[in-house]
Each structure stands twice: as C-alpha cells, then as structure tokens.
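Raw coords09.txt, compact mmCIF, C-alpha atoms:
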```txt
# COMPACT_ATOMS: atom_id res chain seq x y z
CA MET A 306 -14.16 -22.84 -26.06
CA ASP A 307 -15.04 -25.42 -28.72
CA THR A 308 -13.74 -23.47 -31.72
CA GLY A 309 -11.47 -20.89 -30.11
CA ALA A 310 -13.25 -18.10 -31.99
CA PRO A 311 -13.36 -14.79 -30.11
CA LEU A 312 -16.73 -13.89 -28.57
CA TRP A 313 -15.86 -10.21 -28.17
CA GLU A 314 -12.97 -7.78 -28.02
CA HIS A 315 -12.55 -4.47 -26.23
CA ARG A 316 -9.57 -2.28 -26.98
CA LEU A 317 -8.08 -0.47 -23.97
CA GLY A 318 -6.12 2.77 -24.17
CA GLY A 319 -2.93 1.08 -22.96
CA ALA A 320 -1.42 -2.25 -22.04
CA PRO A 321 -3.71 -4.06 -19.57
CA GLY A 322 -2.71 -5.19 -16.10
CA ALA A 323 -3.95 -8.22 -14.20
CA ILE A 324 -7.65 -8.99 -14.75
CA LEU A 325 -10.12 -9.71 -11.97
CA ALA A 326 -12.96 -11.64 -13.65
CA LEU A 327 -16.36 -12.15 -12.04
CA GLU A 328 -19.51 -13.81 -13.40
CA ASP A 329 -20.98 -10.61 -14.87
CA ARG A 330 -18.05 -8.20 -15.19
CA LEU A 331 -14.32 -7.90 -15.14
CA PHE A 332 -12.02 -5.25 -13.68
CA VAL A 333 -8.70 -4.31 -15.22
CA GLY A 334 -6.22 -1.46 -14.87
CA SER A 335 -4.24 -0.14 -17.78
CA ALA A 336 -1.05 1.67 -18.69
CA ASP A 337 -3.26 4.52 -20.00
CA ASN A 338 -3.85 5.52 -16.34
CA TYR A 339 -7.47 4.32 -16.22
CA PHE A 340 -9.25 1.52 -14.40
CA TYR A 341 -11.97 -0.25 -16.41
CA CYS A 342 -15.09 -2.29 -15.68
CA LEU A 343 -16.22 -4.40 -18.65
CA LYS A 344 -19.33 -6.58 -19.00
CA THR A 345 -18.34 -10.21 -19.49
CA ALA A 346 -21.38 -10.99 -21.67
CA ASP A 347 -20.41 -8.65 -24.52
CA GLY A 348 -17.18 -6.84 -23.57
CA GLU A 349 -18.92 -3.46 -23.42
CA GLN A 350 -17.41 -0.89 -21.09
CA ASP A 351 -19.65 -0.51 -18.03
CA TRP A 352 -17.58 2.36 -16.61
CA ARG A 353 -14.07 3.82 -16.52
CA SER A 354 -12.47 5.53 -13.50
CA TRP A 355 -11.17 9.06 -13.46
CA ARG A 356 -7.66 9.33 -14.83
CA THR A 357 -4.98 8.39 -12.29
CA GLY A 358 -1.54 9.99 -12.17
CA ALA A 359 0.23 6.88 -13.50
CA ASP A 360 -0.25 3.30 -14.68
CA VAL A 361 -2.71 1.13 -12.74
CA VAL A 362 -0.81 -1.94 -11.50
CA SER A 363 -1.45 -5.19 -9.65
CA LEU A 364 -4.52 -7.36 -9.43
CA PRO A 365 -7.49 -5.39 -8.05
CA VAL A 366 -9.44 -6.73 -5.06
CA ILE A 367 -13.14 -6.44 -4.25
CA ASP A 368 -15.75 -6.68 -1.55
CA GLU A 369 -19.54 -6.47 -1.69
CA HIS A 370 -19.56 -2.73 -2.48
CA ASP A 371 -16.19 -1.57 -3.75
CA VAL A 372 -13.20 -2.47 -5.89
CA TYR A 373 -9.71 -1.43 -4.77
CA PHE A 374 -6.62 -0.82 -6.88
CA VAL A 375 -3.16 0.78 -6.75
CA SER A 376 -1.34 2.85 -9.31
CA LEU A 377 2.23 4.03 -9.86
CA ASP A 378 1.32 7.54 -8.69
CA ASN A 379 1.63 5.93 -5.23
CA VAL A 380 -2.09 5.93 -4.47
CA LEU A 381 -4.51 3.28 -3.19
CA ARG A 382 -8.07 3.88 -4.40
CA ALA A 383 -11.54 2.53 -3.64
CA VAL A 384 -14.28 2.91 -6.24
CA ASN A 385 -17.88 1.69 -6.19
CA ARG A 386 -18.23 -1.65 -8.01
CA GLY A 387 -21.52 -0.68 -9.61
CA HIS A 388 -20.73 2.74 -11.09
CA GLY A 389 -17.03 3.47 -10.54
CA VAL A 390 -17.44 6.57 -8.38
CA GLN A 391 -14.39 7.04 -6.18
CA GLN A 392 -15.14 6.35 -2.51
CA TRP A 393 -11.73 7.33 -1.10
CA MET A 394 -8.05 7.50 -1.96
CA GLN A 395 -4.97 7.07 0.20
CA PRO A 396 -1.46 8.26 -0.70
CA LEU A 397 1.31 5.70 -0.24
CA PRO A 398 4.92 6.40 0.82
CA PHE A 399 6.31 4.04 -1.84
CA ARG A 400 5.65 2.72 -5.33
CA PRO A 401 3.16 -0.15 -4.94
CA ASN A 402 3.40 -3.52 -6.66
CA ALA A 403 0.79 -5.68 -4.90
CA LEU A 404 -2.59 -5.36 -3.20
CA LEU A 405 -4.25 -8.03 -1.05
CA LYS A 406 -7.48 -8.12 0.98
CA VAL A 407 -8.12 -10.05 4.16
CA THR A 408 -11.45 -9.48 5.97
CA ASP A 409 -11.81 -5.67 6.17
CA SER A 410 -8.11 -4.90 5.67
CA LEU A 411 -6.18 -4.03 2.53
CA ILE A 412 -2.50 -4.99 2.45
CA VAL A 413 -0.19 -2.96 0.17
CA SER A 414 3.43 -3.76 -0.62
CA GLY A 415 5.93 -2.20 -2.94
CA GLN A 416 9.46 -0.93 -3.21
CA SER A 417 9.90 -0.63 0.54
CA SER A 418 10.75 -2.84 3.48
CA LYS A 419 7.34 -1.94 4.93
CA ILE A 420 4.02 -3.62 4.20
CA LEU A 421 1.07 -1.33 4.98
CA ALA A 422 -2.48 -2.16 6.08
CA PHE A 423 -5.58 0.02 5.54
CA ASN A 424 -9.21 -0.28 6.60
CA ALA A 425 -11.26 -1.12 3.51
CA PRO A 426 -14.40 0.83 4.50
CA ASP A 427 -12.68 4.22 4.95
CA GLY A 428 -9.07 3.89 3.76
CA LYS A 429 -7.57 4.85 7.11
CA GLY A 430 -4.24 3.35 8.12
CA ALA A 431 -4.49 0.10 10.08
CA GLY A 432 -0.83 -0.64 10.77
CA GLU A 433 2.41 -1.59 9.14
CA LYS A 434 4.94 -4.41 9.20
CA ASP A 435 8.63 -3.72 8.70
CA THR A 436 10.00 -6.78 6.95
CA GLY A 437 13.58 -5.79 7.71
CA GLY A 438 14.76 -6.34 4.17
CA GLU A 439 14.41 -5.64 0.49
CA PRO A 440 11.26 -7.23 -0.98
CA ALA A 441 12.07 -10.13 -3.31
CA ALA A 442 8.49 -10.78 -4.45
CA PRO A 443 4.98 -9.52 -3.74
CA PRO A 444 3.44 -10.94 -0.53
CA HIS A 445 0.91 -13.75 -0.58
CA LEU A 446 -2.06 -14.67 1.63
CA LEU A 447 -2.48 -18.27 2.73
CA THR A 448 -6.01 -18.89 3.96
CA GLY A 449 -7.24 -21.95 5.79
CA ALA A 450 -3.88 -22.59 7.40
CA ALA A 451 -3.71 -25.30 10.05
CA SER A 452 -4.58 -22.72 12.70
CA GLY A 453 -7.71 -21.70 10.78
CA ARG A 454 -6.36 -18.17 10.40
CA THR A 455 -4.91 -16.36 7.42
CA LEU A 456 -1.13 -16.14 7.11
CA LEU A 457 0.71 -13.32 5.34
CA LEU A 458 3.80 -14.66 3.58
CA TYR A 459 6.54 -12.33 2.35
CA THR A 460 9.99 -12.84 0.89
CA THR A 461 12.98 -10.61 1.48
CA ARG A 462 16.56 -10.76 0.26
CA ASP A 463 19.90 -9.31 1.16
CA VAL A 464 23.44 -9.81 -0.08
CA GLU A 465 24.74 -11.39 3.12
CA HIS A 466 21.90 -13.75 4.07
CA GLY A 467 20.20 -14.46 0.72
CA ALA A 468 16.42 -14.88 0.48
CA THR A 469 14.13 -15.37 3.48
CA VAL A 470 10.46 -16.33 3.51
CA THR A 471 8.49 -15.20 6.57
CA ALA A 472 4.94 -16.05 7.64
CA VAL A 473 3.04 -13.78 10.04
CA ARG A 474 -0.51 -13.82 11.35
CA ARG A 475 -2.63 -11.42 13.26
CA SER A 476 -3.08 -12.41 16.84
CA ILE A 477 -6.66 -12.58 18.11
CA ASP A 478 -5.75 -12.38 21.78
CA PRO A 479 -3.75 -9.50 23.24
CA THR A 480 -0.13 -10.17 24.08
CA MET A 481 0.41 -11.25 27.66
CA LEU A 482 2.58 -8.73 29.45
CA PRO A 483 4.88 -9.83 32.26
CA ILE A 484 3.75 -8.73 35.69
CA ALA A 485 6.38 -6.81 37.60
CA PRO A 486 6.71 -7.25 41.36
CA LEU A 487 4.28 -5.04 43.22
CA PRO A 488 5.76 -2.13 45.17
CA ASN A 489 5.73 -2.57 48.96
CA PRO A 490 5.00 -6.29 48.98
CA THR A 491 3.37 -7.61 52.09
CA LYS A 492 5.10 -10.11 54.36
CA PRO A 493 3.48 -13.44 54.99
CA LEU A 494 1.80 -13.82 58.35
CA GLY A 495 3.15 -16.25 60.88
```

Encoded form (structure tokens):
Amino acid sequence: MDTGAPLWEHRLGGAPGAILALEDRLFVGSADNYFYCLKTADGEQDWRSWRTGADVVSLPVIDEHDVYFVSLDNVLRAVNRGHGVQQWMQPLPFRPNALLKVTDSLIVSGQSSKILAFNAPDGKGAGEKDTGGEPAAPPHLLTGAASGRTLLLYTTRDVEHGATVTAVRRSIDPTMLPIAPLPNPTKPLG
C-alpha cells in the first residue's frame, strides 16, 4: 500500500469476474469457463473448478463449507471451499446475472421476471418469486432492517409504468386464513 508496487500477479485464462476476497484466499470466475481459488499470500492457484459450459458470472457467495457460483450455461454450482470438488449443480431456466445468500438459501436472478431460491446444502428448489416485470438491475439484500429481518429488494421496469423498486421479506409466521362459517351452526339457547 505504501509504494503501490505489486506483491503478486496471477494470470487467468480469461477476463475475471467479480472477486470474493477472504483473509487467506480469493474466489473468482472467469470468461475462460473456470472458477478459481487463489491464495492471497502469494497469488498461487489453490484449485480450479472443472470447466463450465460458459463464462462464470456474478459475485460468488460462501458458507462454512462451500462456495457457490453461476455461469452463463444456466447452471448454479456448489463446490467445496477447501479443494474445489463439485458438491452439486442445479440447472436454471434462464441466464443468471446475480447470486445472493441469506441463511441457508441461495437467491438467483437473471433475464426473467422470476427470482429463484435454492437450499444451499443440497441445491433443491426452495421457491420462486414472480416480480411481474422485466428486471432492471440485480436484486439486493438489506440485512438488519428495522424489523430485524432481511429484505430482498428488486427493481423492475416496463414501458407504461417506468421503474419500480419492491421490498419483500420472508414471513416467520404462517399466514392467517379466514375462518368460514361452520356448516350447521347451532342456535343459541334461550
């Protein structure tokens, strides 16, 4: 930092994507269809994923065991943080452009009006949200909101109404359903 002289360099096989930097390593996808793990101390390659079908895009996300990333072959992947072995992969119905993680859920958006959720441990589908419009920007997570819960913010646009920003949150309690009148109600005594 004092002199601005480079400490190390590591050439990737293609243009890099967004970098997730940790204390001891960094994770970065590339336009060469690989996902890399580099050591921050010396820039040495710790491991490289198997070749994907297209460019790796978006900022990767992590948990204690795995790192997750999306690529333009419309696939969400989980690989082990320590050695890069693929844990699971999940095909996507659209071209992804963003990946977020909240608790044990992965949120994927892309060129679709739908935002998809997946369980991080096994990659199984965990729901979807139809935004009702064309995405104008990748979604964003706002943590520590006034309610103490995480909010998912997304922006849509259309020709008639312009841009709209929407905030949604996952409800902890089940939705209260209205109670219909009981069949054969009893008459009051008296």

Residue neighbourhood A:Trp393, 7 Å, all atoms listed in the file, exclusion window fewer than 2 positions, as a list in words: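 Once the adjacent positions are removed, what remains is Arg382, Ala383, Gln391, Gln395, Asp427 and Gly428 of chain A.
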
Two-atom distance - atom CA of A:Asn385, atom CA of A:Val372 (Å): 6.3 Å

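Closest approach to A:Lys406 from the set A:Gly389, A:Pro443, A:Pro365, A:Gly334 is made by A:Pro365, with distances taken over all atoms listed in the file.
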
Of the listed residues A:Arg462, A:Ala442, A:Asp368, A:Val390, that which approaches A:Ser410 most closely, counting all atoms listed in the file: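 Smallest separation from A:Ser410 among the options: A:Asp368.
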
Atomic distance atom CA of A:Glu439 - atom CA of A:Asp360, expressed in Å with one decimal: 22.9 Å

Distance of atom CA of A:Val413 from atom CA of A:Leu364, expressed in Å to one decimal place: 11.4 Å

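Excluding stretch 455-460 of chain A itself and any same-chain residue fewer than 3 positions from it, the protein and nucleic acid residues within 7 Å of it, counting only C-alpha atoms, are Pro440, Ala441, Ala442, Pro443, Pro444, His445, Leu446, Leu447, Thr448, Gly449, Ala450, Ala468, Thr469, Val470, Thr471, Ala472, Val473 and Arg474 of chain A.
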
For the residues in that selection, give me C-alpha atoms as a PDB file, keeping the file's coordinate frame.
```pdb
ATOM      1  CA  PRO A 440      11.260  -7.230  -0.980  1.00  0.00           C
ATOM      2  CA  ALA A 441      12.070 -10.130  -3.310  1.00  0.00           C
ATOM      3  CA  ALA A 442       8.490 -10.780  -4.450  1.00  0.00           C
ATOM      4  CA  PRO A 443       4.980  -9.520  -3.740  1.00  0.00           C
ATOM      5  CA  PRO A 444       3.440 -10.940  -0.530  1.00  0.00           C
ATOM      6  CA  HIS A 445       0.910 -13.750  -0.580  1.00  0.00           C
ATOM      7  CA  LEU A 446      -2.060 -14.670   1.630  1.00  0.00           C
ATOM      8  CA  LEU A 447      -2.480 -18.270   2.730  1.00  0.00           C
ATOM      9  CA  THR A 448      -6.010 -18.890   3.960  1.00  0.00           C
ATOM     10  CA  GLY A 449      -7.240 -21.950   5.790  1.00  0.00           C
ATOM     11  CA  ALA A 450      -3.880 -22.590   7.400  1.00  0.00           C
ATOM     12  CA  ALA A 468      16.420 -14.880   0.480  1.00  0.00           C
ATOM     13  CA  THR A 469      14.130 -15.370   3.480  1.00  0.00           C
ATOM     14  CA  VAL A 470      10.460 -16.330   3.510  1.00  0.00           C
ATOM     15  CA  THR A 471       8.490 -15.200   6.570  1.00  0.00           C
ATOM     16  CA  ALA A 472       4.940 -16.050   7.640  1.00  0.00           C
ATOM     17  CA  VAL A 473       3.040 -13.780  10.040  1.00  0.00           C
ATOM     18  CA  ARG A 474      -0.510 -13.820  11.350  1.00  0.00           C
TER      19      ARG A 474
END
```

Coordinates of box centre and edge lengths for stretch 436-439 of chain A, 8 Å on every side, axis-aligned, as JSON:
```
{"center_x": 12.4, "center_y": -6.2, "center_z": 4.1, "size_x": 20.8, "size_y": 17.1, "size_z": 23.2}
```

Residue among A:Phe399, A:Trp313, A:Phe332, A:Phe423 lying closest to A:Arg386, counting all atoms listed in the file: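 Of A:Phe399, A:Trp313, A:Phe332, A:Phe423, the one nearest A:Arg386, counting all atoms listed in the file, is A:Phe332.
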
Pick from A:Gly322, A:Gly437, A:Gly415, A:Gly387, whichever lies nearest to A:Val362 using only C-alpha atoms: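 Nearest to A:Val362: A:Gly322.
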
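Between A:Pro396 and the candidates A:Ile412, A:Leu343, A:Val375, A:Leu317, the tightest atom-to-atom separation, counting only C-alpha atoms, involves A:Val375.
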
Of the listed residues A:Glu465, A:Asp371, A:Ala359, A:Thr308, that which approaches A:Pro401 most closely, counting all atoms listed in the file: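 Result for the nearest residue to A:Pro401: A:Ala359.
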
I need stretch 352-400 of chain A written out with N, CA and C atoms, as a tab-separated table (two decimals), in the first residue's frame; please produce it.
```
chain	number	residue	atom	x	y	z
A	352	TRP	N	-6.82	-24.10	-6.31
A	352	TRP	CA	-7.51	-25.07	-7.14
A	352	TRP	C	-8.29	-24.33	-8.22
A	353	ARG	N	-8.73	-25.10	-9.22
A	353	ARG	CA	-9.55	-24.58	-10.31
A	353	ARG	C	-10.66	-25.59	-10.54
A	354	SER	N	-11.90	-25.11	-10.74
A	354	SER	CA	-13.05	-25.99	-10.93
A	354	SER	C	-12.96	-26.69	-12.29
A	355	TRP	N	-13.80	-27.70	-12.45
A	355	TRP	CA	-13.97	-28.30	-13.76
A	355	TRP	C	-14.51	-27.25	-14.70
A	356	ARG	N	-14.25	-27.41	-15.96
A	356	ARG	CA	-14.70	-26.44	-16.97
A	356	ARG	C	-16.23	-26.39	-16.99
A	357	THR	N	-16.78	-25.18	-16.95
A	357	THR	CA	-18.23	-24.99	-17.09
A	357	THR	C	-18.56	-24.85	-18.57
A	358	GLY	N	-19.84	-24.78	-18.88
A	358	GLY	CA	-20.25	-24.67	-20.28
A	358	GLY	C	-20.22	-23.26	-20.83
A	359	ALA	N	-19.95	-22.26	-19.97
A	359	ALA	CA	-19.91	-20.86	-20.40
A	359	ALA	C	-19.23	-20.02	-19.32
A	360	ASP	N	-19.13	-18.72	-19.58
A	360	ASP	CA	-18.46	-17.81	-18.65
A	360	ASP	C	-19.07	-17.90	-17.25
A	361	VAL	N	-18.22	-17.82	-16.24
A	361	VAL	CA	-18.66	-17.73	-14.85
A	361	VAL	C	-18.94	-16.25	-14.57
A	362	VAL	N	-20.15	-15.96	-14.06
A	362	VAL	CA	-20.56	-14.57	-13.86
A	362	VAL	C	-20.99	-14.33	-12.43
A	363	SER	N	-21.09	-13.10	-12.05
A	363	SER	CA	-21.60	-12.66	-10.75
A	363	SER	C	-20.60	-12.91	-9.63
A	364	LEU	N	-20.83	-12.24	-8.53
A	364	LEU	CA	-20.03	-12.42	-7.34
A	364	LEU	C	-20.38	-13.76	-6.71
A	365	PRO	N	-19.40	-14.62	-6.41
A	365	PRO	CA	-19.71	-15.88	-5.74
A	365	PRO	C	-20.10	-15.61	-4.29
A	366	VAL	N	-20.76	-16.59	-3.67
A	366	VAL	CA	-21.11	-16.50	-2.25
A	366	VAL	C	-20.61	-17.75	-1.55
A	367	ILE	N	-20.42	-17.66	-0.23
A	367	ILE	CA	-19.83	-18.77	0.51
A	367	ILE	C	-20.61	-19.06	1.79
A	368	ASP	N	-20.34	-20.23	2.34
A	368	ASP	CA	-20.70	-20.55	3.71
A	368	ASP	C	-19.50	-21.26	4.33
A	369	GLU	N	-19.69	-21.94	5.43
A	369	GLU	CA	-18.57	-22.56	6.13
A	369	GLU	C	-17.87	-23.64	5.30
A	370	HIS	N	-18.62	-24.32	4.42
A	370	HIS	CA	-18.09	-25.48	3.70
A	370	HIS	C	-17.92	-25.26	2.20
A	371	ASP	N	-18.83	-24.52	1.60
A	371	ASP	CA	-18.89	-24.45	0.14
A	371	ASP	C	-18.82	-23.02	-0.38
A	372	VAL	N	-18.54	-22.93	-1.68
A	372	VAL	CA	-18.63	-21.67	-2.41
A	372	VAL	C	-19.58	-21.93	-3.58
A	373	TYR	N	-20.44	-20.95	-3.88
A	373	TYR	CA	-21.50	-21.11	-4.86
A	373	TYR	C	-21.28	-20.08	-5.97
A	374	PHE	N	-21.55	-20.48	-7.21
A	374	PHE	CA	-21.41	-19.55	-8.32
A	374	PHE	C	-22.34	-19.94	-9.45
A	375	VAL	N	-22.61	-18.98	-10.34
A	375	VAL	CA	-23.46	-19.20	-11.51
A	375	VAL	C	-22.65	-18.93	-12.77
A	376	SER	N	-23.07	-19.57	-13.84
A	376	SER	CA	-22.39	-19.37	-15.12
A	376	SER	C	-23.43	-19.24	-16.22
A	377	LEU	N	-22.98	-18.72	-17.37
A	377	LEU	CA	-23.89	-18.45	-18.47
A	377	LEU	C	-24.35	-19.70	-19.22
A	378	ASP	N	-23.98	-20.89	-18.73
A	378	ASP	CA	-24.58	-22.12	-19.25
A	378	ASP	C	-25.87	-22.44	-18.48
A	379	ASN	N	-26.34	-21.44	-17.70
A	379	ASN	CA	-27.58	-21.52	-16.93
A	379	ASN	C	-27.51	-22.60	-15.86
A	380	VAL	N	-26.42	-22.58	-15.09
A	380	VAL	CA	-26.23	-23.56	-14.02
A	380	VAL	C	-25.74	-22.85	-12.76
A	381	LEU	N	-26.32	-23.26	-11.63
A	381	LEU	CA	-25.87	-22.87	-10.29
A	381	LEU	C	-25.06	-24.03	-9.76
A	382	ARG	N	-23.85	-23.76	-9.25
A	382	ARG	CA	-22.98	-24.81	-8.76
A	382	ARG	C	-22.53	-24.54	-7.32
A	383	ALA	N	-22.30	-25.64	-6.60
A	383	ALA	CA	-21.69	-25.60	-5.27
A	383	ALA	C	-20.42	-26.43	-5.33
A	384	VAL	N	-19.30	-25.85	-4.89
A	384	VAL	CA	-18.05	-26.59	-4.82
A	384	VAL	C	-17.48	-26.42	-3.41
A	385	ASN	N	-16.72	-27.41	-2.98
A	385	ASN	CA	-16.10	-27.36	-1.66
A	385	ASN	C	-15.08	-26.23	-1.61
A	386	ARG	N	-15.13	-25.41	-0.56
A	386	ARG	CA	-14.20	-24.29	-0.42
A	386	ARG	C	-12.75	-24.73	-0.33
A	387	GLY	N	-12.51	-25.86	0.30
A	387	GLY	CA	-11.14	-26.30	0.55
A	387	GLY	C	-10.44	-26.91	-0.64
A	388	HIS	N	-11.17	-27.66	-1.48
A	388	HIS	CA	-10.50	-28.37	-2.58
A	388	HIS	C	-11.20	-28.24	-3.93
A	389	GLY	N	-12.34	-27.57	-3.99
A	389	GLY	CA	-12.98	-27.29	-5.27
A	389	GLY	C	-13.79	-28.42	-5.87
A	390	VAL	N	-13.96	-29.52	-5.15
A	390	VAL	CA	-14.75	-30.63	-5.69
A	390	VAL	C	-16.22	-30.22	-5.71
A	391	GLN	N	-16.86	-30.46	-6.85
A	391	GLN	CA	-18.27	-30.08	-7.00
A	391	GLN	C	-19.14	-30.89	-6.05
A	392	GLN	N	-20.01	-30.19	-5.32
A	392	GLN	CA	-20.93	-30.83	-4.37
A	392	GLN	C	-22.28	-31.11	-5.02
A	393	TRP	N	-22.75	-30.17	-5.84
A	393	TRP	CA	-23.99	-30.34	-6.60
A	393	TRP	C	-24.07	-29.25	-7.66
A	394	MET	N	-24.97	-29.45	-8.60
A	394	MET	CA	-25.24	-28.44	-9.62
A	394	MET	C	-26.73	-28.44	-9.90
A	395	GLN	N	-27.27	-27.28	-10.25
A	395	GLN	CA	-28.69	-27.13	-10.48
A	395	GLN	C	-28.91	-26.32	-11.75
A	396	PRO	N	-29.59	-26.92	-12.76
A	396	PRO	CA	-29.88	-26.16	-13.97
A	396	PRO	C	-30.87	-25.04	-13.68
A	397	LEU	N	-30.74	-23.95	-14.39
A	397	LEU	CA	-31.61	-22.79	-14.24
A	397	LEU	C	-32.41	-22.58	-15.51
A	398	PRO	N	-33.64	-22.07	-15.41
A	398	PRO	CA	-34.47	-21.86	-16.60
A	398	PRO	C	-34.20	-20.54	-17.31
A	399	PHE	N	-33.17	-19.81	-16.88
A	399	PHE	CA	-32.84	-18.53	-17.50
A	399	PHE	C	-31.34	-18.27	-17.33
A	400	ARG	N	-30.88	-17.26	-18.05
A	400	ARG	CA	-29.48	-16.85	-17.97
A	400	ARG	C	-29.30	-16.03	-16.69
```
